[in-house]
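Printed here is protein_33.pdb (PDB, C-alpha atoms):
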ATOM      1  CA  MET A 801      -5.719 -10.000   9.287
ATOM      2  CA  ILE A 802      -8.322  -8.627   6.871
ATOM      3  CA  GLN A 803     -10.640  -8.089   9.827
ATOM      4  CA  ARG A 804      -7.948  -6.032  11.557
ATOM      5  CA  LEU A 805      -7.713  -3.838   8.471
ATOM      6  CA  ILE A 806     -11.505  -3.472   8.337
ATOM      7  CA  ASP A 807     -11.604  -2.629  12.037
ATOM      8  CA  GLY A 808      -9.049   0.119  11.410
ATOM      9  CA  ILE A 809     -11.067   1.547   8.540
ATOM     10  CA  VAL A 810     -14.245   1.490  10.615
ATOM     11  CA  LYS A 811     -12.609   3.021  13.692
ATOM     12  CA  LYS A 812     -11.086   5.931  11.765
ATOM     13  CA  ASP A 813     -13.865   6.332   9.205
ATOM     14  CA  ALA A 814     -11.210   6.353   6.501
ATOM     15  CA  PRO A 815     -10.670   3.767   3.713
ATOM     16  CA  VAL A 816      -7.255   5.302   3.017
ATOM     17  CA  VAL A 817      -3.715   3.906   2.951
ATOM     18  CA  VAL A 818      -0.744   6.261   2.703
ATOM     19  CA  GLY A 819       1.969   5.056   0.342
ATOM     20  CA  LEU A 820       5.433   5.544   1.834
ATOM     21  CA  ASP A 821       7.348   5.783  -1.441
ATOM     22  CA  PRO A 822      10.063   8.269  -0.421
ATOM     23  CA  ASN A 823      11.743   9.285  -3.653
ATOM     24  CA  LEU A 824      14.636  11.540  -2.623
ATOM     25  CA  SER A 825      13.106  14.376  -4.645
ATOM     26  CA  PHE A 826      10.160  14.309  -2.202
ATOM     27  CA  ILE A 827      12.342  14.750   0.880
ATOM     28  CA  PRO A 828      12.869  18.335   2.085
ATOM     29  CA  GLY A 829      16.378  19.690   1.738
ATOM     30  CA  PHE A 830      16.842  20.254   5.449
ATOM     31  CA  ILE A 831      16.218  16.562   6.171
ATOM     32  CA  LEU A 832      18.722  15.494   3.521
ATOM     33  CA  GLU A 833      21.324  17.886   4.910
ATOM     34  CA  ASN A 834      20.738  16.791   8.498
ATOM     35  CA  ALA A 835      21.065  13.154   7.463
ATOM     36  CA  ARG A 836      24.374  13.801   5.688
ATOM     37  CA  SER A 837      25.728  15.613   8.734
ATOM     38  CA  PHE A 838      24.518  12.847  11.035
ATOM     39  CA  VAL A 839      26.392  10.225   9.026
ATOM     40  CA  GLU A 840      29.489  12.373   8.553
ATOM     41  CA  GLU A 841      29.723  12.975  12.288
ATOM     42  CA  GLY A 842      29.542   9.264  13.058
ATOM     43  CA  GLY A 843      25.936   9.083  14.147
ATOM     44  CA  ARG A 844      25.644   5.856  12.150
ATOM     45  CA  GLU A 845      28.490   3.409  11.901
ATOM     46  CA  ILE A 846      29.332   2.789   8.247
ATOM     47  CA  PRO A 847      30.159  -0.852   7.464
ATOM     48  CA  GLU A 848      32.819  -1.475   4.815
ATOM     49  CA  TYR A 849      30.237  -2.779   2.351
ATOM     50  CA  CYS A 850      28.005   0.329   2.608
ATOM     51  CA  GLU A 851      28.570   3.580   0.786
ATOM     52  CA  LYS A 852      28.322   6.773   2.814
ATOM     53  CA  GLU A 853      25.854   8.233   0.304
ATOM     54  CA  ASN A 854      23.499   5.293   0.796
ATOM     55  CA  MET A 855      23.769   5.589   4.560
ATOM     56  CA  ALA A 856      22.818   9.267   4.382
ATOM     57  CA  ALA A 857      19.967   8.622   1.943
ATOM     58  CA  ALA A 858      18.569   5.843   4.120
ATOM     59  CA  GLU A 859      18.766   8.041   7.214
ATOM     60  CA  ALA A 860      16.899  10.806   5.367
ATOM     61  CA  VAL A 861      14.225   8.347   4.250
ATOM     62  CA  TRP A 862      13.752   7.134   7.797
ATOM     63  CA  GLN A 863      13.476  10.638   9.269
ATOM     64  CA  PHE A 864      11.051  11.673   6.527
ATOM     65  CA  ASN A 865       8.894   8.583   7.020
ATOM     66  CA  LYS A 866       8.809   9.070  10.778
ATOM     67  CA  GLY A 867       7.478  12.592  10.313
ATOM     68  CA  ILE A 868       4.778  11.420   7.908
ATOM     69  CA  ILE A 869       3.740   8.510  10.134
ATOM     70  CA  ASP A 870       3.468  10.735  13.191
ATOM     71  CA  ALA A 871       1.295  13.177  11.238
ATOM     72  CA  VAL A 872      -1.218  10.673   9.808
ATOM     73  CA  CYS A 873      -1.332   7.714  12.205
ATOM     74  CA  ASP A 874      -4.483   8.922  13.933
ATOM     75  CA  LEU A 875      -6.261   9.574  10.626
ATOM     76  CA  VAL A 876      -5.647   6.468   8.487
ATOM     77  CA  PRO A 877      -5.599   2.752   9.266
ATOM     78  CA  ALA A 878      -2.651   1.703   7.107
ATOM     79  CA  VAL A 879       0.553   2.598   5.304
ATOM     80  CA  LYS A 880       2.105   0.990   2.241
ATOM     81  CA  PRO A 881       5.891   1.244   1.886
ATOM     82  CA  GLN A 882       7.120   0.475  -1.652
ATOM     83  CA  VAL A 883      10.181  -1.699  -1.133
ATOM     84  CA  ALA A 884      12.049  -0.589  -4.288
ATOM     85  CA  MET A 885      12.408   2.905  -2.857
ATOM     86  CA  TYR A 886      14.417   1.333  -0.044
ATOM     87  CA  GLU A 887      16.228  -1.406  -1.966
ATOM     88  CA  GLN A 888      17.928   1.183  -4.162
ATOM     89  CA  PHE A 889      20.036   2.198  -1.154
ATOM     90  CA  GLY A 890      21.233  -1.323  -0.449
ATOM     91  CA  ILE A 891      21.432  -2.686   3.074
ATOM     92  CA  PRO A 892      21.030   0.758   4.739
ATOM     93  CA  GLY A 893      17.843   1.226   2.710
ATOM     94  CA  MET A 894      16.435  -2.100   3.828
ATOM     95  CA  ILE A 895      17.243  -1.243   7.428
ATOM     96  CA  ALA A 896      15.234   1.961   6.923
ATOM     97  CA  TYR A 897      12.432  -0.189   5.474
ATOM     98  CA  ARG A 898      12.430  -2.449   8.533
ATOM     99  CA  ARG A 899      12.512   0.541  10.886
ATOM    100  CA  THR A 900       9.586   2.064   8.983
ATOM    101  CA  VAL A 901       7.573  -1.154   9.296
ATOM    102  CA  GLU A 902       8.294  -1.464  13.023
ATOM    103  CA  TYR A 903       7.531   2.179  13.757
ATOM    104  CA  SER A 904       4.289   2.069  11.781
ATOM    105  CA  ARG A 905       3.106  -0.944  13.710
ATOM    106  CA  SER A 906       4.069   0.689  17.007
ATOM    107  CA  LYS A 907       1.673   3.486  16.037
ATOM    108  CA  GLY A 908      -1.160   1.015  15.516
ATOM    109  CA  LEU A 909      -1.018   1.019  11.712
ATOM    110  CA  ILE A 910      -1.501  -1.954   9.402
ATOM    111  CA  VAL A 911       1.489  -2.280   7.067
ATOM    112  CA  ILE A 912       1.035  -3.365   3.459
ATOM    113  CA  GLY A 913       4.448  -4.272   2.055
ATOM    114  CA  ASP A 914       4.342  -3.304  -1.610
ATOM    115  CA  VAL A 915       6.854  -5.911  -2.754
ATOM    116  CA  LYS A 916       5.109  -7.392  -5.835
ATOM    117  CA  ARG A 917       6.881 -10.713  -5.490
ATOM    118  CA  GLY A 918       6.197 -13.576  -7.850
ATOM    119  CA  ASP A 919       8.086 -16.832  -8.318
ATOM    120  CA  ILE A 920       7.428 -20.545  -7.769
ATOM    121  CA  GLY A 921       7.884 -23.272  -5.208
ATOM    122  CA  SER A 922      10.530 -22.828  -2.532
ATOM    123  CA  THR A 923      11.554 -19.450  -3.943
ATOM    124  CA  SER A 924       8.026 -18.122  -3.581
ATOM    125  CA  GLU A 925       7.850 -19.540  -0.076
ATOM    126  CA  ALA A 926      11.126 -17.821   0.790
ATOM    127  CA  TYR A 927       9.730 -14.497  -0.394
ATOM    128  CA  ALA A 928       6.587 -15.078   1.653
ATOM    129  CA  ARG A 929       8.502 -15.981   4.799
ATOM    130  CA  GLY A 930      10.921 -13.101   4.350
ATOM    131  CA  HIS A 931       8.162 -10.526   4.206
ATOM    132  CA  LEU A 932       5.308 -12.058   6.205
ATOM    133  CA  ALA A 933       6.647 -14.618   8.676
ATOM    134  CA  GLY A 934       7.962 -12.238  11.324
ATOM    135  CA  LYS A 935      11.617 -13.216  11.067
ATOM    136  CA  ALA A 936      12.704 -10.487   8.660
ATOM    137  CA  PHE A 937      10.405  -7.637   7.627
ATOM    138  CA  ASP A 938       7.122  -8.774   9.230
ATOM    139  CA  VAL A 939       4.550  -6.767   7.251
ATOM    140  CA  ASP A 940       0.837  -7.513   7.627
ATOM    141  CA  PHE A 941       0.034  -7.806   3.918
ATOM    142  CA  ALA A 942       2.252  -8.215   0.863
ATOM    143  CA  THR A 943       1.468  -7.527  -2.775
ATOM    144  CA  VAL A 944       1.919 -10.533  -5.056
ATOM    145  CA  ASN A 945       2.364 -10.823  -8.823
ATOM    146  CA  PRO A 946       0.315 -13.814 -10.073
ATOM    147  CA  TYR A 947       1.897 -14.045 -13.538
ATOM    148  CA  LEU A 948       3.398 -17.488 -12.786
ATOM    149  CA  GLY A 949       0.019 -18.896 -11.756
ATOM    150  CA  SER A 950      -0.997 -20.870  -8.685
ATOM    151  CA  ASP A 951       2.550 -22.208  -8.227
ATOM    152  CA  GLY A 952       3.605 -18.683  -7.326
ATOM    153  CA  VAL A 953       0.644 -17.775  -5.118
ATOM    154  CA  LYS A 954      -0.047 -20.914  -3.084
ATOM    155  CA  PRO A 955       3.197 -20.676  -1.046
ATOM    156  CA  PHE A 956       2.061 -17.214   0.039
ATOM    157  CA  LEU A 957      -1.344 -18.610   0.995
ATOM    158  CA  ALA A 958       0.279 -21.243   3.210
ATOM    159  CA  VAL A 959       2.438 -18.681   5.012
ATOM    160  CA  CYS A 960      -0.541 -16.363   5.429
ATOM    161  CA  LYS A 961      -2.523 -19.133   7.093
ATOM    162  CA  GLU A 962       0.373 -20.008   9.367
ATOM    163  CA  TYR A 963       0.975 -16.438  10.538
ATOM    164  CA  ASP A 964      -2.483 -14.871  10.062
ATOM    165  CA  LYS A 965      -1.312 -12.478   7.362
ATOM    166  CA  GLY A 966      -2.773 -11.412   4.025
ATOM    167  CA  ILE A 967      -1.882 -10.670   0.419
ATOM    168  CA  PHE A 968      -3.124  -8.380  -2.322
ATOM    169  CA  VAL A 969      -2.813 -10.005  -5.741
ATOM    170  CA  LEU A 970      -2.241  -7.805  -8.797
ATOM    171  CA  VAL A 971      -5.391  -8.079 -10.910
ATOM    172  CA  LYS A 972      -5.850  -4.843 -12.876
ATOM    173  CA  THR A 973      -3.030  -2.408 -12.219
ATOM    174  CA  SER A 974      -3.267   1.378 -12.454
ATOM    175  CA  ASN A 975      -0.483   2.027 -14.984
ATOM    176  CA  PRO A 976      -1.406   3.103 -18.559
ATOM    177  CA  SER A 977       0.181   0.107 -20.309
ATOM    178  CA  SER A 978      -1.454  -2.501 -18.077
ATOM    179  CA  GLY A 979      -3.935  -3.262 -20.835
ATOM    180  CA  GLU A 980      -1.199  -4.645 -23.097
ATOM    181  CA  PHE A 981      -1.620  -7.932 -21.228
ATOM    182  CA  GLN A 982      -4.397  -7.538 -18.672
ATOM    183  CA  ASP A 983      -7.109  -6.432 -21.118
ATOM    184  CA  VAL A 984      -6.383  -9.041 -23.809
ATOM    185  CA  LEU A 985      -9.489 -11.107 -24.553
ATOM    186  CA  THR A 986      -9.347 -14.877 -24.211
ATOM    187  CA  GLY A 987     -11.163 -17.424 -26.345
ATOM    188  CA  ASP A 988     -14.376 -17.144 -24.327
ATOM    189  CA  GLY A 989     -14.436 -13.350 -24.595
ATOM    190  CA  ARG A 990     -13.221 -12.611 -21.081
ATOM    191  CA  ALA A 991     -10.271 -10.350 -20.425
ATOM    192  CA  VAL A 992      -7.146 -11.722 -18.747
ATOM    193  CA  TYR A 993      -7.788  -9.543 -15.691
ATOM    194  CA  GLU A 994     -11.165 -11.282 -15.286
ATOM    195  CA  LEU A 995      -9.477 -14.695 -15.275
ATOM    196  CA  VAL A 996      -7.050 -13.476 -12.612
ATOM    197  CA  GLY A 997      -9.970 -12.092 -10.611
ATOM    198  CA  GLN A 998     -11.679 -15.467 -10.762
ATOM    199  CA  LYS A 999      -8.518 -17.160  -9.456
ATOM    200  CA  VAL A1000      -8.263 -14.620  -6.638
ATOM    201  CA  ARG A1001     -11.806 -15.499  -5.625
ATOM    202  CA  GLU A1002     -10.903 -19.206  -5.643
ATOM    203  CA  TRP A1003      -7.649 -18.688  -3.725
ATOM    204  CA  GLY A1004      -9.487 -16.652  -1.132
ATOM    205  CA  ALA A1005     -12.291 -19.146  -0.504
ATOM    206  CA  ASP A1006     -10.205 -21.022   2.085
ATOM    207  CA  SER A1007      -9.082 -17.848   3.823
ATOM    208  CA  MET A1008     -12.316 -16.130   4.785
ATOM    209  CA  GLU A1009     -12.772 -13.955   7.877
ATOM    210  CA  GLY A1010     -16.434 -13.093   7.950
ATOM    211  CA  VAL A1011     -17.502 -11.399   4.720
ATOM    212  CA  TYR A1012     -14.020 -10.899   3.287
ATOM    213  CA  SER A1013     -10.963 -13.003   2.543
ATOM    214  CA  ASN A1014      -7.332 -12.509   3.558
ATOM    215  CA  VAL A1015      -6.606 -12.752  -0.179
ATOM    216  CA  GLY A1016      -7.266  -9.304  -1.623
ATOM    217  CA  ALA A1017      -6.860  -7.781  -5.071
ATOM    218  CA  VAL A1018      -5.031  -4.769  -6.465
ATOM    219  CA  VAL A1019      -7.352  -2.911  -8.852
ATOM    220  CA  GLY A1020      -6.274   0.478 -10.180
ATOM    221  CA  ALA A1021      -8.513   3.429  -9.376
ATOM    222  CA  THR A1022      -7.769   4.623 -12.917
ATOM    223  CA  TYR A1023     -10.006   1.856 -14.325
ATOM    224  CA  PRO A1024     -13.508   2.239 -12.838
ATOM    225  CA  GLU A1025     -15.252   0.207 -15.563
ATOM    226  CA  GLN A1026     -13.015  -2.780 -14.966
ATOM    227  CA  ALA A1027     -13.508  -2.313 -11.239
ATOM    228  CA  ARG A1028     -17.283  -2.573 -11.704
ATOM    229  CA  ILE A1029     -16.829  -5.944 -13.410
ATOM    230  CA  LEU A1030     -14.345  -7.164 -10.821
ATOM    231  CA  ARG A1031     -16.437  -6.043  -7.851
ATOM    232  CA  ARG A1032     -19.243  -8.346  -9.076
ATOM    233  CA  LEU A1033     -16.789 -11.140  -9.875
ATOM    234  CA  MET A1034     -15.061 -10.959  -6.480
ATOM    235  CA  PRO A1035     -17.827 -10.152  -3.960
ATOM    236  CA  HIS A1036     -15.794 -11.292  -0.943
ATOM    237  CA  THR A1037     -12.457  -9.830  -2.010
ATOM    238  CA  PHE A1038     -11.064  -6.681  -0.432
ATOM    239  CA  ILE A1039      -9.615  -4.294  -3.023
ATOM    240  CA  LEU A1040      -6.477  -2.214  -2.713
ATOM    241  CA  ALA A1041      -6.926   0.669  -5.162
ATOM    242  CA  PRO A1042      -3.843   2.655  -6.209
ATOM    243  CA  GLY A1043      -3.977   5.553  -8.668
ATOM    244  CA  TYR A1044      -5.925   8.194  -6.757
ATOM    245  CA  GLY A1045      -4.659  11.751  -7.103
ATOM    246  CA  ALA A1046      -1.259  11.990  -8.783
ATOM    247  CA  GLN A1047      -2.068   9.194 -11.279
ATOM    248  CA  GLY A1048      -5.309  10.884 -12.264
ATOM    249  CA  ALA A1049      -8.119   8.962 -10.564
ATOM    250  CA  THR A1050     -10.739  10.932  -8.659
ATOM    251  CA  ALA A1051     -13.092  10.042  -5.840
ATOM    252  CA  ALA A1052     -15.922   9.735  -8.359
ATOM    253  CA  ASP A1053     -13.968   6.961 -10.121
ATOM    254  CA  LEU A1054     -13.956   4.917  -6.925
ATOM    255  CA  SER A1055     -17.662   4.516  -6.229
ATOM    256  CA  GLU A1056     -17.756   1.104  -7.966
ATOM    257  CA  PHE A1057     -14.935  -0.232  -5.793
ATOM    258  CA  PHE A1058     -16.983  -0.287  -2.598
ATOM    259  CA  ASP A1059     -19.714  -2.636  -1.486
ATOM    260  CA  PRO A1060     -23.200  -1.439  -0.509
ATOM    261  CA  ASP A1061     -22.016  -1.277   3.126
ATOM    262  CA  GLY A1062     -19.303   1.197   2.143
ATOM    263  CA  LEU A1063     -16.543  -1.318   2.827
ATOM    264  CA  GLY A1064     -14.661  -3.670   0.536
ATOM    265  CA  ALA A1065     -11.860  -1.340  -0.583
ATOM    266  CA  ILE A1066      -8.998   0.811   0.634
ATOM    267  CA  VAL A1067      -7.576   3.584  -1.545
ATOM    268  CA  ASN A1068      -3.883   4.412  -1.776
ATOM    269  CA  SER A1069      -2.270   7.792  -2.225
ATOM    270  CA  SER A1070       1.496   8.142  -2.181
ATOM    271  CA  ARG A1071       3.092  11.305  -3.541
ATOM    272  CA  GLY A1072      -0.216  13.174  -3.298
ATOM    273  CA  ILE A1073       0.165  12.942   0.485
ATOM    274  CA  ILE A1074       3.845  12.555   1.282
ATOM    275  CA  ALA A1075       4.893  15.284  -1.174
ATOM    276  CA  ALA A1076       1.852  17.487  -0.565
ATOM    277  CA  TYR A1077       4.019  20.366   0.669
ATOM    278  CA  LYS A1078       5.235  20.796  -2.925
ATOM    279  CA  LYS A1079       1.694  21.439  -4.171
ATOM    280  CA  GLU A1080       0.380  24.972  -4.457
ATOM    281  CA  GLU A1081      -2.624  24.405  -2.206
ATOM    282  CA  TYR A1082      -0.341  23.314   0.635
ATOM    283  CA  GLY A1083       2.487  25.727  -0.067
ATOM    284  CA  LYS A1084       1.746  27.663   3.114
ATOM    285  CA  PHE A1085       3.287  24.834   5.138
ATOM    286  CA  GLY A1086       6.695  25.086   3.439
ATOM    287  CA  GLU A1087       9.415  22.438   3.638
ATOM    288  CA  GLU A1088       9.554  22.552   7.428
ATOM    289  CA  GLY A1089       5.844  21.743   7.521
ATOM    290  CA  PHE A1090       5.972  18.749   5.170
ATOM    291  CA  ALA A1091       4.286  16.533   7.769
ATOM    292  CA  ASP A1092       1.522  19.066   8.434
ATOM    293  CA  ALA A1093       0.924  19.270   4.690
ATOM    294  CA  ALA A1094       0.676  15.473   4.531
ATOM    295  CA  ARG A1095      -1.883  15.533   7.321
ATOM    296  CA  ALA A1096      -3.932  18.213   5.542
ATOM    297  CA  ALA A1097      -3.816  16.241   2.279
ATOM    298  CA  SER A1098      -4.922  13.078   4.093
ATOM    299  CA  LEU A1099      -7.888  14.873   5.614
ATOM    300  CA  ALA A1100      -8.837  16.290   2.224
ATOM    301  CA  MET A1101      -8.682  12.837   0.623
ATOM    302  CA  ILE A1102     -10.829  11.289   3.339
ATOM    303  CA  GLU A1103     -13.474  13.975   2.922
ATOM    304  CA  ASP A1104     -13.292  13.664  -0.859
ATOM    305  CA  LEU A1105     -14.060   9.950  -0.675
ATOM    306  CA  ARG A1106     -16.860  10.494   1.821
ATOM    307  CA  GLY A1107     -18.439  12.958  -0.595
ATOM    308  CA  VAL A1108     -19.070  10.387  -3.315
ATOM    309  CA  ILE A1109     -19.598   7.046  -1.599
ATOM    310  CA  HIS A1110     -23.290   6.485  -0.858
ATOM    311  CA  GLY A1111     -24.271  10.070  -1.430
ATOM    312  CA  GLY A1112     -21.859  11.476   1.118
ATOM    313  CA  ARG A1113     -23.072   9.406   4.057
ATOM    314  CA  THR A1114     -20.328   8.304   6.411
ATOM    315  CA  VAL A1115     -20.724   4.558   6.280
ATOM    316  CA  TRP A1116     -17.392   3.318   7.589
ATOM    317  CA  ASN A1117     -18.413   3.572  11.216
ATOM    318  CA  ILE A1118     -20.642   0.507  11.028
ATOM    319  CA  GLY A1119     -20.393  -1.429  14.275
ATOM    320  CA  ARG A1120     -19.134   1.440  16.430
TER     321      ARG A1120
END

Please render this file's structure as structure tokens.
Amino acid sequence: MIQRLIDGIVKKDAPVVVGLDPNLSFIPGFILENARSFVEEGGREIPEYCEKENMAAAEAVWQFNKGIIDAVCDLVPAVKPQVAMYEQFGIPGMIAYRRTVEYSRSKGLIVIGDVKRGDIGSTSEAYARGHLAGKAFDVDFATVNPYLGSDGVKPFLAVCKEYDKGIFVLVKTSNPSSGEFQDVLTGDGRAVYELVGQKVREWGADSMEGVYSNVGAVVGATYPEQARILRRLMPHTFILAPGYGAQGATAADLSEFFDPDGLGAIVNSSRGIIAAYKKEEYGKFGEEGFADAARAASLAMIEDLRGVIHGGRTVWNIGR
């Protein structure tokens, strides 16, 4: 699976994943109104256990996502739907999540399910099978919280081997308070995030595909110094880097995330792309052109990254 992601990055010359985190405030008013009308007029049957408002919200999310996917699928190799943005609308929201996953894959995109699951034993295995095994949501990668240790991660590893899927383990997250736990120094002077990185390297050793492992790491783009340490610690680990754009990280912050071959990482942007039409520089597109704005923002991000990695040389087309 990691090789499929790398192939997509190489083919499109773009180490970029678009985060499909459709907060309702990001969705243009005309889509919300059309979704309400669609539900009101019986376009979607409303089960007794589903509220009409959730049905309309889920329909709006789906229509919004479809527009974004259509606009960027030829530019980027992957999308990353954040499951909480769908769960909040109950069963209709999860149906929209499944439809988003299926449609993304039909467009040739790798899907990273941002689910951040973490438990132990049979519960962890159930999470893994629900999201990776093809019987429920069937994403290509899932994000995993390692706080419970190997007991929480190994069931995911087993399912990944069985179905040729992958995971990204939270190592150093992009949020400001991540250091409250992740940066705490242990008795030997190493930070907790370094210990997690070491475990990720160990977990990935049995899941190699060429240079890289199917066990990747989430490392926030907002922490370039920690990324430098982790890149050396995890030489065969692919990094998913959130935090670019809206969270404050720049392309210059990301140079340490990549290997000398220009691979080894994929950078996420969510609201910076999907809500680009709200930004002044893309205001010319207006609400009706939300998808065109997302496409323009994706192109700008790709060029921005190319401008700093290896002196601006395009290196992602190795092997073409």

Open item on the list: Can you tell me which residues surround Pro847 of chain A at a distance of at most 10 Å, considering all atoms listed in the file, apart from same-chain residues fewer than 6 positions away, and format the answer as a list in words?
Closed with: Met855, Ile891 and Pro892 of chain A

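Distances here use all atoms listed in the file; by that measure, the residue among A:Val879, A:Ala991, A:Leu824, A:Ala928 closest to Lys961 of chain A is A:Ala928.
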
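With all atoms listed in the file as the atoms that count, the minimum distance from Asp940 of chain A to the choices A:Asn854, A:Gln982, A:Gln803, A:Ser825 is reached by A:Gln803.
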
- [ ] Please provide as an MDAnalysis selection string all residues within 12 Å of Val861 of chain A, with the sequence filter that same-chain residues fewer than 2 positions apart are discarded (counting all atoms listed in the file).
- [x] chainID A and resid 820:829 831:836 854:859 863:868 881 885:889 892:900 1074

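Residues matched by the PyMOL selection byres ((chain A and resi 1033) around 12) in this file are Val971, Arg990, Tyr993, Glu994, Leu995, Val996, Gly997, Gln998, Lys999, Val1000, Arg1001, Glu1002, Ala1017, Gln1026, Ala1027, Arg1028, Ile1029, Leu1030, Arg1031, Arg1032, Met1034, Pro1035, His1036, Thr1037, Phe1038 and Phe1057 of chain A.
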
- [ ] Pull the neighbourhood of (-13.2, 4.2, 4.8) for me: all residues within 12 Å in file coordinates, counting all atoms listed in the file, as a ChimeraX atom specification.
- [x] /A:805-817,875-878,1040,1054-1055,1057-1059,1061-1068,1099,1101-1110,1112-1118

Open item on the list: Can you tell me which residues surround Ala933 of chain A at a distance of at most 9 Å, considering all atoms listed in the file, apart from same-chain residues fewer than 6 positions away, and format the answer as a list in words?
Closed with: Val939, Val959, Cys960, Glu962, Tyr963 and Lys965 of chain A
